[in-house]
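Trainee: Structure: protein16.cif, mmCIF, C-alpha atoms.
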```
data_final
#
loop_
_atom_site.label_atom_id
_atom_site.label_comp_id
_atom_site.auth_asym_id
_atom_site.auth_seq_id
_atom_site.Cartn_x
_atom_site.Cartn_y
_atom_site.Cartn_z
CA MET A 1071 48.91 40.67 136.46
CA ASN A 1072 50.92 43.53 134.92
CA LEU A 1073 51.86 44.76 138.39
CA HIS A 1074 53.08 41.30 139.36
CA ARG A 1075 55.06 41.02 136.12
CA ASP A 1076 56.60 44.48 136.57
CA PHE A 1077 57.53 43.68 140.15
CA SER A 1078 59.12 40.39 139.08
CA ALA A 1079 61.08 42.20 136.36
CA PHE A 1080 62.23 44.80 138.90
CA LEU A 1081 63.44 42.06 141.26
CA GLU A 1082 65.35 40.41 138.42
CA ARG A 1083 67.10 43.71 137.70
CA VAL A 1084 68.07 44.55 141.27
CA MET A 1085 68.79 41.04 142.56
CA PRO A 1086 72.35 39.75 142.18
CA ALA A 1087 72.90 37.04 139.59
CA GLY A 1088 74.76 34.55 141.79
CA LEU A 1089 72.98 31.86 143.81
CA TYR A 1090 75.28 32.49 146.79
CA ALA A 1091 74.38 36.21 146.95
CA ARG A 1092 70.67 35.49 146.46
CA SER A 1093 70.69 32.87 149.20
CA LEU A 1094 72.39 35.32 151.55
CA ILE A 1095 69.70 37.89 150.83
CA ILE A 1096 67.00 35.29 151.48
CA ILE A 1097 68.51 34.69 154.92
CA ILE A 1098 69.59 38.24 155.76
CA ALA A 1099 66.37 40.03 154.72
CA PRO A 1100 64.08 38.22 157.20
CA VAL A 1101 66.65 38.63 159.99
CA VAL A 1102 66.97 42.36 159.34
CA LEU A 1103 63.20 42.81 159.08
CA LEU A 1104 62.62 40.82 162.25
CA GLN A 1105 65.28 42.69 164.20
CA GLY A 1106 63.98 46.00 162.87
CA ALA A 1107 60.44 45.13 163.93
CA VAL A 1108 61.64 44.02 167.37
CA ALA A 1109 63.69 47.19 167.80
CA PHE A 1110 60.77 49.36 166.72
CA LEU A 1111 58.36 47.66 169.10
CA PHE A 1112 60.89 47.85 171.91
CA MET A 1113 61.58 51.53 171.35
CA GLU A 1114 57.95 52.39 170.74
CA ARG A 1115 56.28 50.34 173.45
CA HIS A 1116 58.80 49.50 176.15
CA TYR A 1117 61.65 51.97 175.98
CA GLU A 1118 59.58 55.08 175.41
CA LEU A 1119 56.96 53.98 177.96
CA VAL A 1120 59.55 53.39 180.69
CA THR A 1121 61.29 56.66 179.87
CA ARG A 1122 58.01 58.54 179.99
CA ARG A 1123 57.19 57.12 183.41
CA LEU A 1124 60.65 57.92 184.76
CA SER A 1125 60.41 61.45 183.36
CA THR A 1126 56.99 61.86 184.93
CA ALA A 1127 58.33 60.75 188.34
CA VAL A 1128 61.25 63.21 188.12
CA GLY A 1129 58.86 65.95 187.03
CA GLN A 1130 56.60 65.23 190.00
CA ASP A 1131 59.56 65.38 192.42
CA ILE A 1132 60.71 68.70 190.98
CA ALA A 1133 57.14 70.04 191.04
CA ALA A 1134 56.87 69.07 194.71
CA LEU A 1135 60.13 70.93 195.49
CA VAL A 1136 58.85 73.99 193.63
CA GLU A 1137 55.57 73.97 195.58
CA LEU A 1138 57.37 73.53 198.91
CA ARG A 1139 59.64 76.48 198.18
CA LYS A 1140 56.71 78.57 197.06
CA ALA A 1141 54.90 77.77 200.33
CA SER A 1142 57.90 78.60 202.59
CA PRO A 1143 60.45 80.87 200.89
CA GLY A 1144 63.67 81.76 202.63
CA PRO A 1145 67.25 80.56 203.13
CA GLU A 1146 66.39 78.16 205.94
CA ASN A 1147 63.68 76.47 203.91
CA ASP A 1148 66.01 76.33 200.85
CA ALA A 1149 68.57 74.44 202.93
CA LYS A 1150 65.91 71.96 204.06
CA LEU A 1151 64.76 71.43 200.48
CA ILE A 1152 68.35 70.83 199.36
CA LYS A 1153 68.78 68.23 202.11
CA ILE A 1154 65.47 66.50 201.32
CA ALA A 1155 66.35 66.38 197.60
CA ARG A 1156 69.80 64.92 198.32
CA GLU A 1157 68.75 62.32 200.91
CA HIS A 1158 65.35 61.21 199.67
CA LEU A 1159 65.18 62.07 195.97
CA SER A 1160 68.83 61.48 194.92
CA MET A 1161 68.97 64.97 193.43
CA GLN A 1162 71.42 67.82 193.83
CA VAL A 1163 69.45 71.06 194.16
CA GLU A 1164 70.82 74.58 194.10
CA PHE A 1165 68.93 77.89 194.15
CA LEU A 1166 70.35 80.76 192.06
CA PRO A 1167 68.73 84.06 193.21
CA GLY A 1168 68.16 86.78 190.64
CA GLN A 1169 69.14 84.65 187.64
CA SER A 1170 67.17 83.62 184.56
CA LEU A 1171 67.21 80.56 182.34
CA PRO A 1172 70.15 80.27 179.89
CA PRO A 1173 69.48 80.17 176.15
CA PRO A 1174 68.37 76.80 174.76
CA ARG A 1175 71.18 74.37 173.90
CA PRO A 1176 71.46 72.73 170.48
CA LYS A 1177 69.33 69.63 170.26
CA PRO A 1178 71.30 66.37 170.28
CA PHE A 1179 71.26 64.08 167.24
CA PHE A 1180 68.87 61.64 168.91
CA SER A 1181 66.41 64.06 170.50
CA ILE A 1182 63.31 61.85 170.73
CA LEU A 1183 63.78 61.01 174.40
CA ASP A 1184 64.91 64.55 175.24
CA ALA A 1185 61.66 65.88 173.81
CA SER A 1186 59.72 63.34 175.85
CA LEU A 1187 61.61 64.32 179.03
CA LEU A 1188 61.03 68.04 178.41
CA ARG A 1189 57.34 67.47 177.74
CA GLU A 1190 56.72 65.34 180.84
CA ILE A 1191 58.56 67.67 183.24
CA SER A 1192 56.86 70.74 181.74
CA ASP A 1193 53.47 69.15 182.23
CA GLU A 1194 54.20 68.52 185.93
CA VAL A 1195 56.06 71.74 186.85
CA LYS A 1196 53.93 74.20 184.89
CA ARG A 1197 56.85 76.67 184.71
CA PRO A 1198 59.55 77.57 182.20
CA ILE A 1199 62.33 75.01 182.30
CA TRP A 1200 65.71 74.40 180.66
CA ILE A 1201 67.26 70.94 180.19
CA ASP A 1202 70.80 69.82 179.35
CA THR A 1203 71.29 66.11 178.59
CA VAL A 1204 74.65 66.47 176.85
CA GLY A 1205 76.95 68.42 179.15
CA ARG A 1206 77.50 65.69 181.77
CA SER A 1207 77.45 62.07 180.68
CA ASN A 1208 75.98 60.58 183.87
CA PHE A 1209 73.68 63.45 184.90
CA VAL A 1210 70.82 65.47 183.49
CA GLU A 1211 70.72 69.17 184.43
CA ILE A 1212 67.28 70.75 184.83
CA ARG A 1213 66.65 74.42 185.61
CA VAL A 1214 63.26 75.80 186.64
CA GLN A 1215 62.41 79.50 186.55
CA LEU A 1216 60.95 80.55 189.92
CA ASP A 1217 59.58 83.94 190.89
CA ASP A 1218 62.80 85.21 192.50
CA ALA A 1219 65.41 82.63 191.48
CA VAL A 1220 66.33 79.68 189.29
CA MET A 1221 66.25 76.20 190.81
CA LYS A 1222 69.08 74.11 189.41
CA VAL A 1223 68.59 70.34 189.67
CA LEU A 1224 71.14 67.62 188.86
CA THR A 1225 69.70 64.11 188.68
CA LYS A 1226 71.17 60.84 187.54
CA ARG A 1227 70.51 59.94 183.93
CA SER A 1228 69.17 56.54 185.03
CA GLN A 1229 66.35 58.35 186.87
CA THR A 1230 65.12 59.92 183.63
CA TYR A 1231 65.98 57.36 180.91
CA ALA A 1232 65.72 53.58 180.54
CA SER A 1233 69.49 53.26 180.74
CA ASN A 1234 69.70 49.51 180.08
CA SER A 1235 68.38 49.75 176.53
CA HIS A 1236 71.86 49.63 175.01
CA ILE A 1237 72.33 46.15 176.44
CA PHE A 1238 69.30 44.95 174.50
CA LEU A 1239 70.50 46.61 171.31
CA ILE A 1240 74.02 45.17 171.68
CA TRP A 1241 72.59 41.71 172.31
CA MET A 1242 70.34 42.03 169.26
CA VAL A 1243 73.21 43.12 166.98
CA ALA A 1244 75.52 40.43 168.32
CA ALA A 1245 72.88 37.72 167.85
CA SER A 1246 72.29 38.90 164.29
CA ALA A 1247 76.02 38.84 163.55
CA VAL A 1248 76.36 35.29 164.88
CA LEU A 1249 73.38 34.14 162.80
CA LEU A 1250 74.80 35.75 159.67
CA ILE A 1251 78.25 34.21 160.19
CA ILE A 1252 76.67 30.76 160.62
CA ALA A 1253 74.55 31.35 157.50
CA ILE A 1254 77.56 32.42 155.44
CA ILE A 1255 79.61 29.38 156.49
CA PHE A 1256 76.69 27.03 155.84
CA LEU A 1257 75.88 28.57 152.45
CA LYS A 1258 79.50 28.38 151.30
CA LYS A 1259 79.52 24.69 152.10
CA GLN A 1260 76.23 24.17 150.24
CA ILE A 1261 77.24 26.23 147.20
CA ARG A 1262 80.63 24.52 146.79
CA PRO A 1263 79.19 21.23 145.35
CA ILE A 1264 77.05 23.23 142.92
CA LEU A 1265 80.11 25.14 141.70
CA ALA A 1266 82.03 21.87 141.36
CA LEU A 1267 79.17 20.40 139.30
CA SER A 1268 79.08 23.51 137.12
CA GLU A 1269 82.84 23.35 136.56
CA ALA A 1270 82.67 19.65 135.67
CA ALA A 1271 79.82 20.25 133.20
CA ASP A 1272 81.66 23.21 131.66
CA SER A 1273 84.88 21.21 131.25
CA PHE A 1274 82.99 18.29 129.71
CA GLY A 1275 81.14 20.62 127.33
CA LYS A 1276 84.46 22.09 126.18
CA GLY A 1277 85.98 18.66 125.69
CA ARG A 1278 88.46 19.07 128.52
CA GLU A 1279 89.40 16.68 131.27
CA GLY A 1280 88.16 18.51 134.34
CA PRO A 1281 89.22 18.00 137.98
CA PRO A 1282 88.05 14.86 139.82
CA PHE A 1283 84.35 15.22 140.59
CA LYS A 1284 82.73 13.65 143.64
CA ILE A 1285 79.04 13.51 144.50
CA LYS A 1286 78.41 15.52 147.64
CA GLY A 1287 76.19 18.23 149.07
CA ALA A 1288 72.45 18.38 149.67
CA ARG A 1289 70.12 15.65 148.39
CA GLU A 1290 68.96 17.67 145.38
CA VAL A 1291 72.55 18.54 144.45
CA ARG A 1292 73.55 14.87 144.79
CA LEU A 1293 70.68 13.86 142.48
CA ALA A 1294 71.77 16.45 139.90
CA ALA A 1295 75.41 15.33 140.18
CA ALA A 1296 74.46 11.67 139.81
CA SER A 1297 72.33 12.50 136.76
CA PHE A 1298 75.23 14.43 135.25
CA ILE A 1299 77.66 11.55 135.79
CA ASP A 1300 75.17 9.08 134.27
CA MET A 1301 74.69 11.37 131.27
CA LYS A 1302 78.44 11.81 130.87
CA ASP A 1303 78.99 8.05 130.99
CA ARG A 1304 76.26 7.44 128.40
CA ILE A 1305 77.70 10.05 126.05
CA GLU A 1306 81.21 8.66 126.41
CA ARG A 1307 79.97 5.11 125.83
CA ALA A 1308 78.03 6.22 122.76
CA MET A 1309 81.09 8.04 121.40
CA GLU A 1310 83.30 5.04 122.09
CA GLN A 1311 80.84 2.68 120.39
CA ARG A 1312 80.52 5.02 117.42
CA THR A 1313 84.29 5.31 117.10
CA THR A 1314 84.70 1.54 117.26
CA MET A 1315 81.98 1.00 114.66
CA LEU A 1316 83.39 3.67 112.36
CA ALA A 1317 86.88 2.24 112.69
CA GLY A 1318 85.52 -1.11 111.50
CA VAL A 1319 83.58 0.48 108.63
CA SER A 1320 86.61 2.55 107.65
CA HIS A 1321 88.83 -0.51 107.66
CA ASP A 1322 86.43 -2.52 105.51
CA LEU A 1323 85.88 0.29 103.01
CA ARG A 1324 89.58 1.10 102.78
CA THR A 1325 90.28 -2.57 102.12
CA ILE A 1326 87.81 -2.58 99.21
CA LEU A 1327 89.25 0.66 97.81
CA THR A 1328 92.75 -0.79 98.06
CA ARG A 1329 91.62 -3.83 96.04
CA PHE A 1330 90.13 -1.48 93.47
CA ARG A 1331 93.46 0.35 93.16
CA LEU A 1332 95.41 -2.87 92.78
CA GLN A 1333 93.04 -4.19 90.11
CA LEU A 1334 93.14 -0.91 88.21
CA ALA A 1335 96.93 -0.84 88.43
CA MET A 1336 97.10 -4.29 86.81
CA MET A 1337 94.89 -3.23 83.89
CA GLU A 1338 96.05 -1.58 80.73
CA GLU A 1339 96.07 2.21 80.98
CA THR A 1340 93.20 3.61 78.99
CA PRO A 1341 91.14 6.76 79.37
CA GLU A 1342 88.39 4.70 81.00
CA ILE A 1343 90.82 3.18 83.52
CA GLU A 1344 92.23 6.62 84.38
CA GLU A 1345 88.68 7.88 84.94
CA LEU A 1346 87.97 4.94 87.23
CA GLY A 1347 91.21 5.69 89.13
CA ARG A 1348 90.11 9.27 89.67
CA ASP A 1349 86.74 8.04 90.92
CA VAL A 1350 88.47 5.73 93.40
CA GLU A 1351 90.63 8.60 94.67
CA GLU A 1352 87.50 10.76 94.95
CA MET A 1353 85.80 8.02 96.92
CA GLN A 1354 88.85 7.84 99.22
CA ARG A 1355 88.77 11.58 99.89
CA MET A 1356 85.03 11.53 100.49
CA LEU A 1357 85.39 8.58 102.85
CA ASP A 1358 88.12 10.41 104.80
CA ALA A 1359 85.90 13.51 105.05
CA TYR A 1360 82.87 11.53 106.23
CA MET A 1361 84.89 9.67 108.82
CA ALA A 1362 86.50 12.87 110.07
CA PHE A 1363 83.12 14.55 110.41
CA VAL A 1364 81.49 11.69 112.30
CA ARG A 1365 84.50 10.76 114.39
CA GLY A 1366 85.67 14.28 115.21
CA ASP A 1367 88.66 14.80 117.51
CA ALA A 1368 86.97 14.32 120.88
CA GLY A 1369 89.66 11.96 122.09
CA GLU A 1370 92.36 14.61 121.91
CA PRO A 1371 93.04 16.31 125.28
CA ALA A 1372 93.12 20.09 125.54
CA SER A 1373 96.49 21.67 126.23
CA PRO A 1374 98.09 25.15 126.20
CA THR A 1375 98.59 26.01 122.53
CA ASP A 1376 100.62 28.77 120.92
CA ILE A 1377 98.00 30.47 118.74
CA PRO A 1378 100.28 32.92 116.84
CA GLU A 1379 102.55 30.02 115.86
CA MET A 1380 99.54 28.07 114.57
CA LEU A 1381 98.36 31.09 112.58
CA ASP A 1382 101.81 31.51 111.04
CA GLU A 1383 101.62 27.91 109.83
CA LEU A 1384 98.24 28.63 108.26
CA LYS A 1385 99.67 31.74 106.62
CA ARG A 1386 102.50 29.77 105.04
CA SER A 1387 100.03 27.13 103.87
CA ALA A 1388 97.88 29.79 102.20
CA GLU A 1389 100.91 31.37 100.51
CA THR A 1390 101.99 28.02 99.06
CA HIS A 1391 98.62 27.92 97.30
CA GLY A 1392 99.18 31.33 95.72
CA ALA A 1393 97.29 33.60 98.14
CA GLN A 1394 98.59 36.73 99.87
CA ALA A 1395 98.10 36.23 103.59
CA THR A 1396 98.64 38.42 106.68
CA VAL A 1397 98.46 37.54 110.37
CA GLU A 1398 97.73 39.74 113.42
CA SER A 1399 97.56 38.63 117.05
CA HIS A 1400 96.19 40.60 119.99
CA GLY A 1401 96.26 39.56 123.63
CA PRO A 1402 97.82 36.49 125.28
CA THR A 1403 99.52 34.07 122.93
CA THR A 1404 98.52 30.83 124.68
CA ALA A 1405 95.02 29.30 124.76
CA MET A 1406 93.67 26.04 126.16
CA VAL A 1407 92.38 24.13 123.09
CA ARG A 1408 92.78 20.73 121.45
CA PRO A 1409 95.70 21.59 119.12
CA ASP A 1410 95.13 19.20 116.22
CA ALA A 1411 91.37 19.69 116.15
CA PHE A 1412 91.61 23.47 116.39
CA ARG A 1413 94.28 23.57 113.69
CA ARG A 1414 92.02 21.54 111.42
CA CYS A 1415 89.11 23.86 112.17
CA LEU A 1416 91.11 26.90 111.08
CA GLN A 1417 92.78 25.04 108.20
CA ASN A 1418 89.38 24.28 106.69
CA LEU A 1419 88.47 27.98 106.73
CA VAL A 1420 91.83 29.13 105.34
CA ALA A 1421 91.83 26.43 102.65
CA ASN A 1422 88.29 27.32 101.63
CA ALA A 1423 89.22 31.02 101.42
CA THR A 1424 92.36 30.18 99.42
CA ARG A 1425 90.29 28.50 96.71
CA TYR A 1426 88.20 31.63 96.04
CA ALA A 1427 90.35 34.62 97.06
CA LYS A 1428 93.72 36.18 96.40
CA LYS A 1429 94.07 38.09 99.67
CA ILE A 1430 93.51 36.59 103.11
CA SER A 1431 93.75 38.25 106.52
CA ILE A 1432 93.92 36.15 109.71
CA THR A 1433 93.37 38.00 113.01
CA SER A 1434 93.48 36.62 116.55
CA VAL A 1435 91.88 38.45 119.50
CA HIS A 1436 92.37 36.94 122.98
CA ASP A 1437 90.83 38.83 125.94
CA GLY A 1438 91.66 36.23 128.61
CA LYS A 1439 88.17 34.68 128.55
CA ARG A 1440 87.45 34.07 124.86
CA LEU A 1441 89.60 33.50 121.80
CA GLU A 1442 88.29 34.86 118.51
CA ILE A 1443 89.91 34.03 115.15
CA ARG A 1444 88.80 36.03 112.09
CA VAL A 1445 89.57 34.83 108.57
CA ASP A 1446 88.84 37.55 105.97
CA ASP A 1447 89.12 37.19 102.20
CA ASP A 1448 88.41 39.23 99.04
CA GLY A 1449 86.53 36.46 97.25
CA PRO A 1450 83.04 36.58 95.71
CA GLY A 1451 81.38 36.14 99.12
CA ILE A 1452 78.28 34.27 100.24
CA PRO A 1453 74.76 35.79 100.28
CA ALA A 1454 73.62 36.74 103.79
CA ASP A 1455 70.59 34.42 103.59
CA LYS A 1456 72.84 31.45 102.74
CA ARG A 1457 75.52 31.93 105.40
CA GLU A 1458 73.84 29.66 107.91
CA GLU A 1459 72.88 27.01 105.39
CA VAL A 1460 76.48 26.36 104.29
CA PHE A 1461 77.17 24.76 107.69
CA ARG A 1462 74.68 21.97 107.01
CA PRO A 1463 76.36 18.65 106.16
CA PHE A 1464 76.41 17.64 102.49
CA LEU A 1465 74.99 20.99 101.36
CA ARG A 1466 76.51 22.37 98.15
CA LEU A 1467 75.71 25.83 96.87
CA ASP A 1468 76.30 27.30 93.43
CA PRO A 1469 79.83 27.16 92.00
CA ALA A 1470 80.49 30.89 92.48
CA ARG A 1471 81.51 30.53 96.11
CA GLY A 1472 79.28 28.25 98.14
CA GLN A 1473 80.58 24.98 96.68
CA ASP A 1474 82.40 23.49 99.64
CA LYS A 1475 85.54 21.97 98.25
CA VAL A 1476 87.13 21.23 101.57
CA GLY A 1477 86.90 17.51 102.21
CA GLY A 1478 86.89 16.37 98.57
CA ASN A 1479 83.66 17.96 97.37
CA SER A 1480 81.82 16.20 100.16
CA GLY A 1481 80.06 19.29 101.47
CA LEU A 1482 81.45 18.66 104.95
CA GLY A 1483 84.29 21.19 105.36
CA LEU A 1484 82.31 23.92 107.11
CA ALA A 1485 80.22 21.35 108.99
CA ILE A 1486 83.44 19.84 110.38
CA THR A 1487 84.69 23.33 111.26
CA ARG A 1488 81.54 24.19 113.23
CA ASP A 1489 81.50 20.76 114.89
CA ILE A 1490 85.06 21.28 116.16
CA ALA A 1491 84.32 24.82 117.37
CA ARG A 1492 81.20 23.69 119.21
CA SER A 1493 83.06 20.78 120.78
CA HIS A 1494 85.26 23.49 122.34
CA GLY A 1495 82.16 25.26 123.70
CA GLY A 1496 82.24 27.92 120.99
CA ASP A 1497 80.83 28.45 117.50
CA VAL A 1498 81.56 29.66 113.96
CA ARG A 1499 79.70 32.39 112.11
CA LEU A 1500 80.03 34.08 108.72
CA GLU A 1501 79.92 37.84 108.17
CA SER A 1502 80.72 40.38 105.51
CA SER A 1503 84.45 41.04 105.29
CA PRO A 1504 86.10 44.47 105.06
CA LEU A 1505 88.12 42.98 102.19
CA GLY A 1506 84.94 42.48 100.19
CA GLY A 1507 84.43 38.75 100.60
CA VAL A 1508 83.54 36.65 103.62
CA ARG A 1509 84.69 36.90 107.21
CA ALA A 1510 84.64 33.59 109.08
CA VAL A 1511 84.76 34.08 112.86
CA VAL A 1512 85.69 31.24 115.20
CA SER A 1513 84.94 32.07 118.85
CA VAL A 1514 85.73 29.67 121.70
CA PRO A 1515 86.00 30.11 125.49
CA VAL A 1516 89.46 29.55 126.91
#
```
Using the file provided, produce a representation of the structure as structure tokens.
Mentor:
Amino acid sequence: MNLHRDFSAFLERVMPAGLYARSLIIIIAPVVLLQGAVAFLFMERHYELVTRRLSTAVGQDIAALVELRKASPGPENDAKLIKIAREHLSMQVEFLPGQSLPPPRPKPFFSILDASLLREISDEVKRPIWIDTVGRSNFVEIRVQLDDAVMKVLTKRSQTYASNSHIFLIWMVAASAVLLIIAIIFLKKQIRPILALSEAADSFGKGREGPPFKIKGAREVRLAAASFIDMKDRIERAMEQRTTMLAGVSHDLRTILTRFRLQLAMMEETPEIEELGRDVEEMQRMLDAYMAFVRGDAGEPASPTDIPEMLDELKRSAETHGAQATVESHGPTTAMVRPDAFRRCLQNLVANATRYAKKISITSVHDGKRLEIRVDDDGPGIPADKREEVFRPFLRLDPARGQDKVGGNSGLGLAITRDIARSHGGDVRLESSPLGGVRAVVSVPV
């Protein structure tokens, strides 16, 4: 079990992450293994066997010439042997009196067949021999040490090697290349619908209007695409129904609150009436916060937005409330976000920091893939174990810092901020700030 788990973990590390690359490996690996096995069997069983038999036949012919010369030495017999070798054995024979074998030549890079040829001829001739398979491309030179001379033999390479093997290898490589090209073209066509589905899901998750999406591809991909479209339609219908319902509720409640204001305005001003007026205004602010949280800004389309300009507006807003604010921007200035929603997300954080701090630092970091906005302050801070809880709707912490005053004491300011960030495909987190207070980090893909 451990071995299987370790092997699976090793495959996960070495395998590429993309489906296209993995599919190519699934196709290429069996082809390479099959071709390698075929080549090995061909070389081991057929090619080497044929070469060995050819080498044996050449060795037997040379051995016969050596025995004939040994039986009848002399110039006249040498001439007859040369003629017999040329006419009947397709060999060029020359006798070199008084010479000895030259020093061995360097072995060629592929010396397997040369070793086989040397071994077979040596077994037949039973004399010292010297072989050159490199010097002449179409011939093999063989020299045999005789008692009084050296017999030099030139024979065609095709008589010693299976010379048609390269045709088989070329055919095998060409067939593999054709199969791989077909596989690559087919896989690209099959992967394209999956990439389109992924892009459509990513755009929908970020609240953007993606490119037109059509159901196509293999059956399983079509089923996944159809399920995605059904899910998308259900979500959009639910959001539309919720927005319609909330619009009606908002209208009815605002009508009642308006009547309350008119009735209070017609009454004599007393401390009790002023208190009731403040309660009505508080109810109005709480209603606006609730509606903003539930409704969100999903209907707003994403568009290229000037982030430094937006941060400058937030800086001026913080300064009007008595805080010292600074802004820094790094990277590209434009990001694809929903402008009003993103501005509200950041405004909630800046406004919350303004209520508890005197110094605020706003930093933007854009690396081309993600946009990160950091809002630092020197306020009292939030305990580390409470930083995740403050994002829960309607949660109110102690008055020192955690009391969420954004949204009219409704406890929805940070919840709205996280909801907007997540609707962009990102998130919001709280950390310790270098200024001593809280750092709020908004990170969204762009």
Trainee: For the structure provided, state which residues fall under the PyMOL selection byres ((chain A and resi 1312-1324) around 9), and present them as a VMD selection string.
Mentor: chain A and resid 1307 to 1311 1325 to 1329 1354 1357 to 1358 1361 1364 to 1365
Trainee: To verify the selection step, state as a short mmCIF file (atom, residue, chain, number, x, y, z; two decimals) with C-alpha atoms, in the coordinates of the input which residues the PyMOL selection byres ((chain A and resi 1512-1515) around 7) yields on this input.
Mentor:
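What follows is the written file expr-v8.cif:
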```cif
data_model
loop_
_atom_site.label_atom_id
_atom_site.label_comp_id
_atom_site.auth_asym_id
_atom_site.auth_seq_id
_atom_site.Cartn_x
_atom_site.Cartn_y
_atom_site.Cartn_z
CA LYS A 1439 88.17 34.68 128.55
CA ARG A 1440 87.45 34.07 124.86
CA LEU A 1441 89.60 33.50 121.80
CA GLU A 1442 88.29 34.86 118.51
CA ILE A 1443 89.91 34.03 115.15
CA ARG A 1444 88.80 36.03 112.09
CA ALA A 1491 84.32 24.82 117.37
CA HIS A 1494 85.26 23.49 122.34
CA GLY A 1495 82.16 25.26 123.70
CA GLY A 1496 82.24 27.92 120.99
CA ASP A 1497 80.83 28.45 117.50
CA VAL A 1498 81.56 29.66 113.96
CA ARG A 1499 79.70 32.39 112.11
CA ALA A 1510 84.64 33.59 109.08
CA VAL A 1511 84.76 34.08 112.86
CA VAL A 1516 89.46 29.55 126.91
#
```
Trainee: Distance atom CA of A:Ser1125-atom CA of A:Ser1192, one decimal place?
Mentor: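 According to the coordinates, atom CA of A:Ser1125 and atom CA of A:Ser1192 are separated by 10.1 Å.
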Trainee: Using all atoms listed in the file, can you tell me which of A:Gly1168, A:Gly1275, A:Gly1506, A:Pro1371 comes closest to A:Ala1219?
Mentor: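 Smallest distance to A:Ala1219 is found for A:Gly1168.
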Trainee: Which residues, named as in the file, does the PyMOL selection byres ((chain A and resi 1458) around 12) pick out? Answer as a PyMOL selection string.
Mentor: chain A and resi 1452-1457+1459-1463+1465+1467+1472+1484-1485+1488+1497-1501+1510
Trainee: Residues as selected, C-alpha atoms, written as a CSV table (one decimal), in the frame of the given file, can you do that?
Mentor:
```csv
chain,number,residue,atom,x,y,z
A,1452,ILE,CA,78.3,34.3,100.2
A,1453,PRO,CA,74.8,35.8,100.3
A,1454,ALA,CA,73.6,36.7,103.8
A,1455,ASP,CA,70.6,34.4,103.6
A,1456,LYS,CA,72.8,31.4,102.7
A,1457,ARG,CA,75.5,31.9,105.4
A,1459,GLU,CA,72.9,27.0,105.4
A,1460,VAL,CA,76.5,26.4,104.3
A,1461,PHE,CA,77.2,24.8,107.7
A,1462,ARG,CA,74.7,22.0,107.0
A,1463,PRO,CA,76.4,18.6,106.2
A,1465,LEU,CA,75.0,21.0,101.4
A,1467,LEU,CA,75.7,25.8,96.9
A,1472,GLY,CA,79.3,28.2,98.1
A,1484,LEU,CA,82.3,23.9,107.1
A,1485,ALA,CA,80.2,21.4,109.0
A,1488,ARG,CA,81.5,24.2,113.2
A,1497,ASP,CA,80.8,28.4,117.5
A,1498,VAL,CA,81.6,29.7,114.0
A,1499,ARG,CA,79.7,32.4,112.1
A,1500,LEU,CA,80.0,34.1,108.7
A,1501,GLU,CA,79.9,37.8,108.2
A,1510,ALA,CA,84.6,33.6,109.1
```
Trainee: Go through A:Ile1199, A:Met1336, A:Ile1252, A:Met1242 one by one, measure the shortest atom-to-atom distance of each to A:Val1108 using all atoms listed in the file, and give the residue with the smallest value.
Mentor: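 Among the listed residues, A:Met1242 lies closest to A:Val1108.
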Trainee: Using only C-alpha atoms, can you tell me which of A:Pro1341, A:Gly1347, A:Gly1438, A:Gly1287 comes closest to A:Leu1267?
Mentor: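 Ranked by minimum distance to A:Leu1267, first place goes to A:Gly1287.
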Trainee: So, with all atoms listed in the file as the atoms that count, which of A:Thr1433, A:Gln1417, A:Gly1507, A:Leu1216 lies closest to A:Pro1450?
Mentor: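 Closest residue, counting all atoms listed in the file: A:Gly1507.
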Trainee: Between A:Thr1203, A:Gln1130, A:Ser1268, A:Thr1121, single out the one closest to A:Thr1230, counting all atoms listed in the file.
Mentor: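 Ranking A:Thr1203, A:Gln1130, A:Ser1268, A:Thr1121 by distance to A:Thr1230, first place goes to A:Thr1121.
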Trainee: Give me the residues near A:Gln1394 as an NGL selection string, where near means some atom within 9 Å (using only C-alpha atoms) and where sequence neighbours in that chain fewer than 5 positions away do not count.
Mentor: :A and (1385 or 1388-1389 or 1427-1431)
Trainee: What is the distance between atom CA of A:Phe1209 and atom CA of A:Thr1225, in Å to one decimal?
Mentor: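 Spanning atom CA of A:Phe1209 to atom CA of A:Thr1225 is a straight-line distance of 5.5 Å.
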Trainee: Name the residues within 6 Å of (101.3, 33.0, 121.8), counting all atoms listed in the file in the file's coordinates, and put them as number ranges by chain.
Mentor: A: 1376-1378, 1403-1404
Trainee: Measuring between only C-alpha atoms, which one of A:Leu1332, A:Ala1266, A:Val1223, A:Ala1372 shows the shortest distance to A:Arg1156?
Mentor: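 The answer is A:Val1223, which sits nearest to A:Arg1156.
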Trainee: From the structure block, carefully write stretch 1212-1224 of chain A out with C-alpha atoms; format it as an mmCIF file, in the first residue's frame.
Mentor:
```
data_model
loop_
_atom_site.group_PDB
_atom_site.id
_atom_site.type_symbol
_atom_site.label_atom_id
_atom_site.label_comp_id
_atom_site.auth_asym_id
_atom_site.auth_seq_id
_atom_site.Cartn_x
_atom_site.Cartn_y
_atom_site.Cartn_z
ATOM 1 C CA ILE A 1212 39.028 -8.044 -44.656
ATOM 2 C CA ARG A 1213 42.679 -9.071 -44.345
ATOM 3 C CA VAL A 1214 43.805 -12.576 -43.372
ATOM 4 C CA GLN A 1215 47.328 -13.376 -42.202
ATOM 5 C CA LEU A 1216 48.704 -16.307 -44.229
ATOM 6 C CA ASP A 1217 52.021 -18.062 -43.781
ATOM 7 C CA ASP A 1218 53.886 -16.057 -46.438
ATOM 8 C CA ALA A 1219 51.501 -13.208 -47.273
ATOM 9 C CA VAL A 1220 48.372 -11.270 -46.367
ATOM 10 C CA MET A 1221 45.182 -11.977 -48.298
ATOM 11 C CA LYS A 1222 43.233 -8.769 -48.814
ATOM 12 C CA VAL A 1223 39.515 -9.223 -49.522
ATOM 13 C CA LEU A 1224 37.018 -6.524 -50.538
#
```
